[in-house]
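Enquirer: As input, take data_27.cif (mmCIF, C-alpha atoms):
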```
data_coords
loop_
_atom_site.label_atom_id
_atom_site.label_comp_id
_atom_site.auth_asym_id
_atom_site.auth_seq_id
_atom_site.Cartn_x
_atom_site.Cartn_y
_atom_site.Cartn_z
CA MET U 1 5.79 -13.74 0.26
CA SER U 2 3.18 -11.58 1.98
CA PRO U 3 1.06 -9.24 -0.15
CA ILE U 4 2.45 -5.72 -0.41
CA LYS U 5 0.45 -2.72 0.78
CA ILE U 6 -0.44 0.14 -1.58
CA SER U 7 -1.23 3.79 -0.88
CA ALA U 8 -3.50 5.44 -3.43
CA VAL U 9 -2.57 9.13 -3.77
CA ILE U 10 -4.94 11.68 -5.36
CA ILE U 11 -4.54 15.45 -5.75
CA THR U 12 -7.73 17.51 -5.80
CA PHE U 13 -9.25 20.95 -6.12
CA ASN U 14 -13.06 21.24 -6.18
CA GLU U 15 -13.60 17.65 -7.31
CA ALA U 16 -16.90 16.93 -5.56
CA ARG U 17 -18.53 15.62 -8.75
CA ASN U 18 -15.72 13.11 -9.45
CA ILE U 19 -14.08 12.02 -6.22
CA THR U 20 -16.73 9.52 -5.08
CA ARG U 21 -16.35 7.46 -8.26
CA CYS U 22 -12.57 7.56 -7.95
CA ILE U 23 -12.42 6.42 -4.32
CA ASP U 24 -15.15 3.80 -4.85
CA SER U 25 -13.05 2.17 -7.57
CA LEU U 26 -10.17 1.73 -5.11
CA ASP U 27 -12.24 -0.22 -2.58
CA GLY U 28 -10.69 -3.60 -1.88
CA VAL U 29 -7.64 -2.81 -4.03
CA VAL U 30 -5.52 -0.39 -1.99
CA ASP U 31 -4.74 -0.22 1.72
CA GLU U 32 -4.87 3.54 2.11
CA VAL U 33 -6.35 6.49 0.20
CA VAL U 34 -4.50 9.80 0.58
CA VAL U 35 -6.07 12.96 -0.84
CA VAL U 36 -3.88 16.08 -1.10
CA ASP U 37 -6.15 19.05 -1.68
CA SER U 38 -5.31 22.64 -2.65
CA PHE U 39 -8.03 24.20 -0.46
CA SER U 40 -11.25 23.21 -2.24
CA THR U 41 -14.32 25.37 -1.69
CA ASP U 42 -16.89 22.69 -2.56
CA LYS U 43 -17.77 19.42 -0.76
CA THR U 44 -14.53 17.60 -1.70
CA ARG U 45 -13.24 17.42 1.87
CA GLU U 46 -16.53 16.21 3.36
CA ILE U 47 -16.89 13.49 0.73
CA CYS U 48 -13.32 12.23 1.12
CA GLU U 49 -13.42 12.13 4.89
CA SER U 50 -16.82 10.39 4.89
CA MET U 51 -15.29 7.68 2.68
CA GLY U 52 -12.37 7.13 5.07
CA ALA U 53 -9.65 8.88 3.09
CA LYS U 54 -6.71 10.64 4.72
CA PHE U 55 -7.24 14.29 3.73
CA VAL U 56 -4.38 16.81 3.71
CA CYS U 57 -4.37 20.42 2.48
CA HIS U 58 -1.32 21.82 0.70
CA GLU U 59 -0.78 24.96 -1.36
CA PHE U 60 -0.69 24.24 -5.10
CA GLU U 61 2.56 25.34 -6.80
CA GLY U 62 2.19 23.24 -9.95
CA HIS U 63 1.08 19.74 -10.95
CA ILE U 64 4.58 18.25 -10.67
CA GLN U 65 5.36 19.90 -7.35
CA GLN U 66 2.00 18.92 -5.85
CA LYS U 67 2.26 15.29 -6.92
CA ASN U 68 5.81 14.94 -5.60
CA TRP U 69 4.76 16.42 -2.26
CA ALA U 70 1.72 14.15 -2.16
CA ILE U 71 3.95 11.07 -2.41
CA THR U 72 5.55 12.06 0.90
CA GLN U 73 2.16 11.69 2.58
CA ALA U 74 1.81 8.01 1.61
CA SER U 75 2.26 5.55 4.47
CA TYR U 76 3.39 2.68 2.26
CA ALA U 77 6.33 2.25 -0.12
CA TYR U 78 4.10 1.32 -3.05
CA VAL U 79 2.00 4.10 -4.55
CA LEU U 80 -0.91 4.13 -6.98
CA SER U 81 -1.36 7.66 -8.32
CA LEU U 82 -4.74 8.74 -9.69
CA ASP U 83 -6.39 12.00 -10.64
CA ALA U 84 -9.81 12.67 -9.12
CA ASP U 85 -11.54 12.26 -12.49
CA GLU U 86 -10.08 8.77 -13.00
CA ALA U 87 -11.26 5.33 -11.85
CA LEU U 88 -10.05 1.75 -12.14
CA SER U 89 -11.83 -0.57 -14.57
CA GLU U 90 -12.74 -4.04 -13.27
CA GLU U 91 -9.97 -5.65 -15.35
CA LEU U 92 -7.39 -3.20 -14.03
CA LYS U 93 -8.51 -3.90 -10.46
CA GLU U 94 -7.84 -7.60 -11.00
CA SER U 95 -4.42 -6.85 -12.49
CA ILE U 96 -3.40 -4.68 -9.53
CA LEU U 97 -4.62 -7.27 -7.02
CA ALA U 98 -2.48 -9.89 -8.79
CA VAL U 99 0.54 -7.57 -8.59
CA LYS U 100 -0.02 -7.11 -4.85
CA GLU U 101 0.41 -10.86 -4.43
CA ASN U 102 3.49 -11.04 -6.64
CA TRP U 103 5.30 -7.71 -7.08
CA GLN U 104 7.96 -8.25 -9.75
CA ALA U 105 8.88 -4.83 -11.21
CA ASP U 106 9.76 -1.38 -9.92
CA GLY U 107 6.76 0.19 -11.60
CA TYR U 108 3.67 -0.71 -13.62
CA SER U 109 1.92 1.10 -16.45
CA PHE U 110 -1.54 0.67 -17.95
CA ASN U 111 -3.68 2.19 -20.68
CA ARG U 112 -5.95 5.16 -20.01
CA LEU U 113 -9.31 5.31 -21.78
CA ASN U 114 -10.74 8.82 -22.01
CA ASN U 115 -14.44 9.68 -21.81
CA TYR U 116 -15.30 12.93 -23.62
CA CYS U 117 -18.81 14.34 -23.24
CA GLY U 118 -20.10 10.81 -22.63
CA LYS U 119 -18.21 9.13 -25.51
CA TRP U 120 -15.17 6.87 -25.12
CA ILE U 121 -12.43 8.22 -27.40
CA LYS U 122 -10.31 5.54 -29.10
CA HIS U 123 -8.26 7.62 -31.58
CA GLY U 124 -6.63 11.01 -32.12
CA GLY U 125 -3.75 10.15 -29.80
CA TRP U 126 -6.14 9.70 -26.87
CA TYR U 127 -5.82 5.92 -26.68
CA PRO U 128 -4.07 3.82 -25.49
CA ASP U 129 -2.61 6.85 -23.65
CA ARG U 130 -0.26 4.65 -21.58
CA LYS U 131 0.43 5.91 -18.04
CA LEU U 132 2.96 4.81 -15.42
CA ARG U 133 0.93 5.14 -12.22
CA LEU U 134 1.91 2.28 -9.88
CA TRP U 135 5.41 2.19 -8.46
CA ASP U 136 7.83 1.83 -5.60
CA LYS U 137 8.07 5.47 -4.48
CA SER U 138 11.81 5.18 -3.84
CA LYS U 139 12.45 4.40 -7.52
CA GLY U 140 11.51 7.70 -9.17
CA GLN U 141 9.68 11.04 -9.02
CA TRP U 142 7.32 13.24 -11.00
CA GLY U 143 8.91 15.34 -13.74
CA GLY U 144 8.21 16.68 -17.22
CA ARG U 145 6.79 20.15 -17.85
CA ASN U 146 3.65 21.56 -16.22
CA PRO U 147 0.84 20.86 -16.79
CA HIS U 148 1.87 17.62 -18.54
CA ASP U 149 3.56 15.74 -15.72
CA THR U 150 5.01 12.27 -16.05
CA PHE U 151 6.53 9.88 -13.52
CA ILE U 152 10.23 9.33 -14.27
CA MET U 153 11.83 6.13 -13.01
CA LYS U 154 15.46 6.03 -11.94
CA PRO U 155 18.04 4.41 -14.27
CA LYS U 156 18.19 0.61 -14.36
CA THR U 157 14.68 0.20 -13.00
CA GLN U 158 12.21 -2.24 -14.54
CA THR U 159 8.62 -1.53 -15.53
CA LYS U 160 5.85 -3.81 -16.73
CA HIS U 161 2.48 -3.19 -18.37
CA LEU U 162 -0.81 -4.33 -16.82
CA LYS U 163 -4.04 -5.35 -18.52
CA GLY U 164 -7.12 -3.20 -17.99
CA ASP U 165 -7.94 0.46 -18.52
CA LEU U 166 -7.73 3.46 -16.27
CA LEU U 167 -11.02 5.22 -16.98
CA HIS U 168 -10.65 8.97 -17.36
CA TYR U 169 -13.79 11.13 -17.30
CA SER U 170 -12.03 14.07 -18.90
CA TYR U 171 -14.66 16.63 -19.96
CA TYR U 172 -18.40 16.75 -19.46
CA THR U 173 -18.91 19.58 -21.97
CA ILE U 174 -16.99 21.08 -24.90
CA GLU U 175 -16.87 24.42 -23.08
CA GLU U 176 -15.04 22.77 -20.17
CA HIS U 177 -12.45 21.51 -22.64
CA ARG U 178 -12.04 24.97 -24.17
CA ILE U 179 -11.51 26.57 -20.76
CA GLN U 180 -9.02 23.91 -19.69
CA ALA U 181 -7.15 24.13 -23.00
CA ASN U 182 -6.71 27.88 -22.53
CA LYS U 183 -5.48 27.29 -18.99
CA PHE U 184 -3.03 24.60 -20.14
CA ALA U 185 -1.78 26.88 -22.95
CA ARG U 186 -0.90 29.56 -20.39
CA ILE U 187 0.77 27.07 -18.05
CA GLY U 188 2.65 25.53 -20.99
CA ALA U 189 3.84 28.92 -22.24
CA LYS U 190 5.07 29.81 -18.75
CA SER U 191 6.90 26.48 -18.44
CA TYR U 192 8.52 26.91 -21.87
CA TRP U 193 9.58 30.44 -20.88
CA GLU U 194 11.15 29.18 -17.65
CA HIS U 195 13.09 26.55 -19.63
CA GLY U 196 14.38 29.10 -22.13
CA LYS U 197 12.25 27.99 -25.07
CA LYS U 198 11.75 30.37 -28.00
CA ALA U 199 8.70 30.97 -30.21
CA PRO U 200 9.80 31.99 -33.71
CA LEU U 201 7.01 32.96 -36.10
CA TYR U 202 7.12 29.65 -37.96
CA LYS U 203 6.34 27.86 -34.68
CA VAL U 204 3.26 30.02 -34.13
CA ILE U 205 2.07 29.31 -37.69
CA PHE U 206 2.96 25.68 -38.29
CA SER U 207 2.95 23.92 -34.88
CA PRO U 208 -0.86 24.25 -34.49
CA VAL U 209 -1.38 22.88 -38.03
CA VAL U 210 0.90 19.92 -37.33
CA ARG U 211 -1.00 19.27 -34.10
CA PHE U 212 -4.36 19.26 -35.90
CA VAL U 213 -3.20 17.05 -38.80
CA SER U 214 -1.60 14.59 -36.42
CA SER U 215 -4.69 14.33 -34.20
CA TYR U 216 -7.39 14.23 -36.86
CA PHE U 217 -5.73 12.44 -39.76
CA ILE U 218 -2.54 10.60 -38.77
CA GLN U 219 -3.92 9.37 -35.43
CA LEU U 220 -7.34 8.72 -36.97
CA GLY U 221 -9.31 11.16 -34.85
CA PHE U 222 -11.94 11.32 -37.60
CA LEU U 223 -13.03 7.81 -36.59
CA ASP U 224 -14.40 9.28 -33.35
CA GLY U 225 -16.88 11.34 -35.37
CA TYR U 226 -17.94 14.81 -34.30
CA TYR U 227 -15.99 14.76 -31.03
CA GLY U 228 -12.85 13.66 -32.86
CA TRP U 229 -13.13 16.86 -34.91
CA VAL U 230 -13.79 19.00 -31.83
CA ILE U 231 -10.79 17.56 -30.00
CA ALA U 232 -8.50 18.22 -32.98
CA VAL U 233 -9.74 21.82 -33.34
CA ILE U 234 -9.29 22.60 -29.65
CA SER U 235 -5.81 21.02 -29.76
CA TYR U 236 -4.99 23.34 -32.67
CA ARG U 237 -6.19 26.39 -30.74
CA GLU U 238 -4.38 25.39 -27.53
CA THR U 239 -1.07 24.96 -29.39
CA LYS U 240 -1.49 28.29 -31.20
CA LEU U 241 -2.29 30.17 -28.00
CA LYS U 242 0.67 28.61 -26.19
CA TYR U 243 3.17 29.77 -28.81
CA LYS U 244 1.54 33.19 -29.19
CA LEU U 245 1.81 33.76 -25.44
CA LEU U 246 5.42 32.56 -25.42
CA ARG U 247 6.27 34.85 -28.34
CA ALA U 248 4.57 37.79 -26.63
CA SER U 249 6.60 37.13 -23.47
CA HIS U 250 9.86 37.45 -25.40
CA LYS U 251 8.70 40.65 -27.08
CA THR U 252 8.11 42.32 -23.72
CA LEU U 253 11.79 42.02 -22.81
#
```
Please lay out the structure from this file as structure tokens.

Expert:
Amino acid sequence: MSPIKISAVIITFNEARNITRCIDSLDGVVDEVVVVDSFSTDKTREICESMGAKFVCHEFEGHIQQKNWAITQASYAYVLSLDADEALSEELKESILAVKENWQADGYSFNRLNNYCGKWIKHGGWYPDRKLRLWDKSKGQWGGRNPHDTFIMKPKTQTKHLKGDLLHYSYYTIEEHRIQANKFARIGAKSYWEHGKKAPLYKVIFSPVVRFVSSYFIQLGFLDGYYGWVIAVISYRETKLKYKLLRASHKTL
């Protein structure tokens, strides 16, 4: 059996500080790098094109919509989906190369290891953070609720898990995390609204508390020290804002 060919697909917007590391990690592993960009204003395009990536611009309508459209730009049937702030570890590279020689499943998952302000986070629900990111593109599509997309395989498909970590350089500063959490809260509230979700007062009060307790205590976030605490607090605030915005939307009717 001849080795399969893989298209790496990445969506971007102003990712100049991350994209070089991401594309570098794909060298010798994939057969094509496709970058679908939502009209960056920094050096993202120049960097991608200088590294030999296929670069396509497309209007951003949501994480799920953008990733599903990006799949259509892949030349090969087998797709490896990455975000610009992610990179393959050496062990994961070896696992993917082995799969190329002997493809046995419809899709493959692997663990994602998150770097937060320079520290690798191993608790608080942030690890192993399993992701399904390598698949036959005819066997599923992106779904879930924005901004938390997930690849959904068709019924009766088979997936396997690979060794090695997908390295995620999530936030360089706490302020970046705060800003992104507020953005995600607004996107999440809008998605809940569109799906007919309600926000009774008890949800606004108790859901953030449950989120904090789960992250910091049940999922052992305290073992990550100061940043474990910060992550749990920001998770609390994001959840509270999401439900407050959703509740406010219903009150405006």

Enquirer: Have a look at U:Arg237, U:Thr12, U:Glu59, U:Gly52 and name the one nearest to Ser40 of chain U; count only C-alpha atoms.

Expert: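 Using only C-alpha atoms, the shortest distance to Ser40 of chain U belongs to U:Thr12.
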
Enquirer: Pick out the residues sitting within 8 Å of segment 90-103 of chain U, and hand them over as a list of chain:residue names; count all atoms listed in the file, and ignore anything fewer than 5 positions along from it in its own chain.

Expert: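 The contact residues come out as U:Met1, U:Ser2, U:Pro3, U:Ile4, U:Lys5, U:Ile6, U:Leu26, U:Val29, U:Leu162, U:Lys163, U:Gly164, U:Asp165, U:Leu166.
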
Enquirer: I'd like the residues picked by the PyMOL selection byres ((chain U and resi 110-127) around 8) written out as an MDAnalysis selection string, using the chain letters and numbers from the file.

Expert: chainID U and resid 108:109 128:133 161:174 214:224 227:228 232

Enquirer: Separation of atom CA of Val34 of chain U and atom CA of Ile64 of chain U, in Å?

Expert: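 One can read the atom CA of Val34 of chain U to atom CA of Ile64 of chain U distance as 16.7 Å.
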
Enquirer: Here's the selection I'm unsure about, the PyMOL selection byres ((chain U and resi 239) around 12); applied to the file above, which residues does it give, as a PyMOL selection string?

Expert: chain U and resi 181-189+199+203-212+232-238+240-246

Enquirer: I need the chosen residues saved as a JSON list (two decimals), keeping the file's coordinate frame, with C-alpha atoms.

Expert:
```json
[["chain", "number", "residue", "atom", "x", "y", "z"],
["U", 181, "ALA", "CA", -7.15, 24.13, -23.00],
["U", 182, "ASN", "CA", -6.71, 27.88, -22.53],
["U", 183, "LYS", "CA", -5.48, 27.29, -18.99],
["U", 184, "PHE", "CA", -3.03, 24.60, -20.14],
["U", 185, "ALA", "CA", -1.78, 26.88, -22.95],
["U", 186, "ARG", "CA", -0.90, 29.56, -20.39],
["U", 187, "ILE", "CA", 0.77, 27.07, -18.05],
["U", 188, "GLY", "CA", 2.65, 25.53, -20.99],
["U", 189, "ALA", "CA", 3.84, 28.92, -22.24],
["U", 199, "ALA", "CA", 8.70, 30.97, -30.21],
["U", 203, "LYS", "CA", 6.34, 27.86, -34.68],
["U", 204, "VAL", "CA", 3.26, 30.02, -34.13],
["U", 205, "ILE", "CA", 2.07, 29.31, -37.69],
["U", 206, "PHE", "CA", 2.96, 25.68, -38.29],
["U", 207, "SER", "CA", 2.95, 23.92, -34.88],
["U", 208, "PRO", "CA", -0.86, 24.25, -34.49],
["U", 209, "VAL", "CA", -1.38, 22.88, -38.03],
["U", 210, "VAL", "CA", 0.90, 19.92, -37.33],
["U", 211, "ARG", "CA", -1.00, 19.27, -34.10],
["U", 212, "PHE", "CA", -4.36, 19.26, -35.90],
["U", 232, "ALA", "CA", -8.50, 18.22, -32.98],
["U", 233, "VAL", "CA", -9.74, 21.82, -33.34],
["U", 234, "ILE", "CA", -9.29, 22.60, -29.65],
["U", 235, "SER", "CA", -5.81, 21.02, -29.76],
["U", 236, "TYR", "CA", -4.99, 23.34, -32.67],
["U", 237, "ARG", "CA", -6.19, 26.39, -30.74],
["U", 238, "GLU", "CA", -4.38, 25.39, -27.53],
["U", 240, "LYS", "CA", -1.49, 28.29, -31.20],
["U", 241, "LEU", "CA", -2.29, 30.17, -28.00],
["U", 242, "LYS", "CA", 0.67, 28.61, -26.19],
["U", 243, "TYR", "CA", 3.17, 29.77, -28.81],
["U", 244, "LYS", "CA", 1.54, 33.19, -29.19],
["U", 245, "LEU", "CA", 1.81, 33.76, -25.44],
["U", 246, "LEU", "CA", 5.42, 32.56, -25.42]]
```

Enquirer: Hey, what comes out of the PyMOL selection byres ((chain U and resi 148) around 9) on this file? Could you write it as a list in words?

Expert: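 Applying the PyMOL selection byres ((chain U and resi 148) around 9) to the structure shown produces His63, Ile64, Gly143, Gly144, Arg145, Asn146, Pro147, Asp149, Thr150, Phe184 and Gly188 of chain U.
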
Enquirer: Taking all atoms listed in the file into account, name the residue in U:Tyr202, U:Trp135, U:Phe39, U:Tyr192 that is nearest to Leu80 of chain U.

Expert: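 Closest residue, counting all atoms listed in the file: U:Trp135.
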
Enquirer: Would you please work out which residue, of U:Asp37, U:Glu175, U:Met153, U:Trp193, is nearest to Glu61 of chain U when using only C-alpha atoms?

Expert: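 Of the candidates, the smallest distance to Glu61 of chain U is held by U:Asp37.
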
Enquirer: Interatomic distance between atom CA of Asn68 of chain U and atom CA of Pro155 of chain U?

Expert: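 Between atom CA of Asn68 of chain U and atom CA of Pro155 of chain U the gap works out to 18.3 Å.
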
Enquirer: Tell me, as a VMD selection string, which residues lie within 9 Å of Gln66 of chain U, counting only C-alpha atoms; anything in the same chain fewer than 5 positions away does not count.

Expert: chain U and resid 11 36 38 58 to 61 71

Enquirer: Atom CA of Cys57 of chain U and atom CA of Thr44 of chain U are how many Å apart?

Expert: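 Interatomic distance, atom CA of Cys57 of chain U to atom CA of Thr44 of chain U: 11.3 Å.
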
Enquirer: Quick one: everything within 10 Å of Ala53 of chain U, counting only C-alpha atoms, minus sequence neighbours fewer than 6 positions away in the same chain. Send it as a PyMOL selection string.

Expert: chain U and resi 8-9+23+32-35+45+47

Enquirer: Using all atoms listed in the file, pick whichever of U:Val79, U:Gln180, U:Glu49, U:Ala87 has the shortest atom-to-atom distance to Gly140 of chain U.

Expert: U:Val79

Enquirer: Of the candidates U:Ser7, U:Gln141, U:Asn14, U:Ser81, which one gets nearest to Gln65 of chain U if we count all atoms listed in the file?

Expert: U:Gln141

Enquirer: Using only C-alpha atoms, which of the listed residues (U:Thr72, U:Arg247, U:Gly62, U:Glu86) sits closest to Arg21 of chain U?

Expert: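 Smallest separation from Arg21 of chain U among the options: U:Glu86.
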
Enquirer: Selecting C-alpha atoms, how would segment 120-151 of chain U from this structure be written as a CSV table (one decimal), in the first residue's frame?

Expert:
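Okay, result_27.csv is ready:
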```
chain,number,residue,atom,x,y,z
U,120,TRP,CA,2.5,23.9,30.5
U,121,ILE,CA,-0.9,23.3,32.2
U,122,LYS,CA,-1.5,19.7,33.2
U,123,HIS,CA,-4.7,20.0,35.3
U,124,GLY,CA,-8.0,22.0,35.6
U,125,GLY,CA,-9.5,20.3,32.6
U,126,TRP,CA,-6.8,21.5,30.3
U,127,TYR,CA,-5.1,18.2,29.9
U,128,PRO,CA,-5.2,15.7,28.2
U,129,ASP,CA,-7.7,17.9,26.2
U,130,ARG,CA,-8.2,15.2,23.6
U,131,LYS,CA,-8.8,16.5,20.0
U,132,LEU,CA,-9.9,14.7,16.8
U,133,ARG,CA,-7.9,16.5,14.2
U,134,LEU,CA,-6.8,14.0,11.6
U,135,TRP,CA,-9.4,12.4,9.4
U,136,ASP,CA,-10.8,11.3,6.0
U,137,LYS,CA,-12.7,14.5,5.1
U,138,SER,CA,-15.6,12.5,3.6
U,139,LYS,CA,-16.3,10.9,7.0
U,140,GLY,CA,-17.5,13.9,8.9
U,141,GLN,CA,-17.7,17.7,9.4
U,142,TRP,CA,-17.2,20.4,12.0
U,143,GLY,CA,-20.1,21.0,14.4
U,144,GLY,CA,-20.8,21.9,18.0
U,145,ARG,CA,-21.5,25.5,19.1
U,146,ASN,CA,-19.3,28.5,18.3
U,147,PRO,CA,-16.7,29.2,19.5
U,148,HIS,CA,-16.2,25.7,20.8
U,149,ASP,CA,-16.2,23.7,17.5
U,150,THR,CA,-15.6,19.9,17.4
U,151,PHE,CA,-15.2,17.6,14.4
```
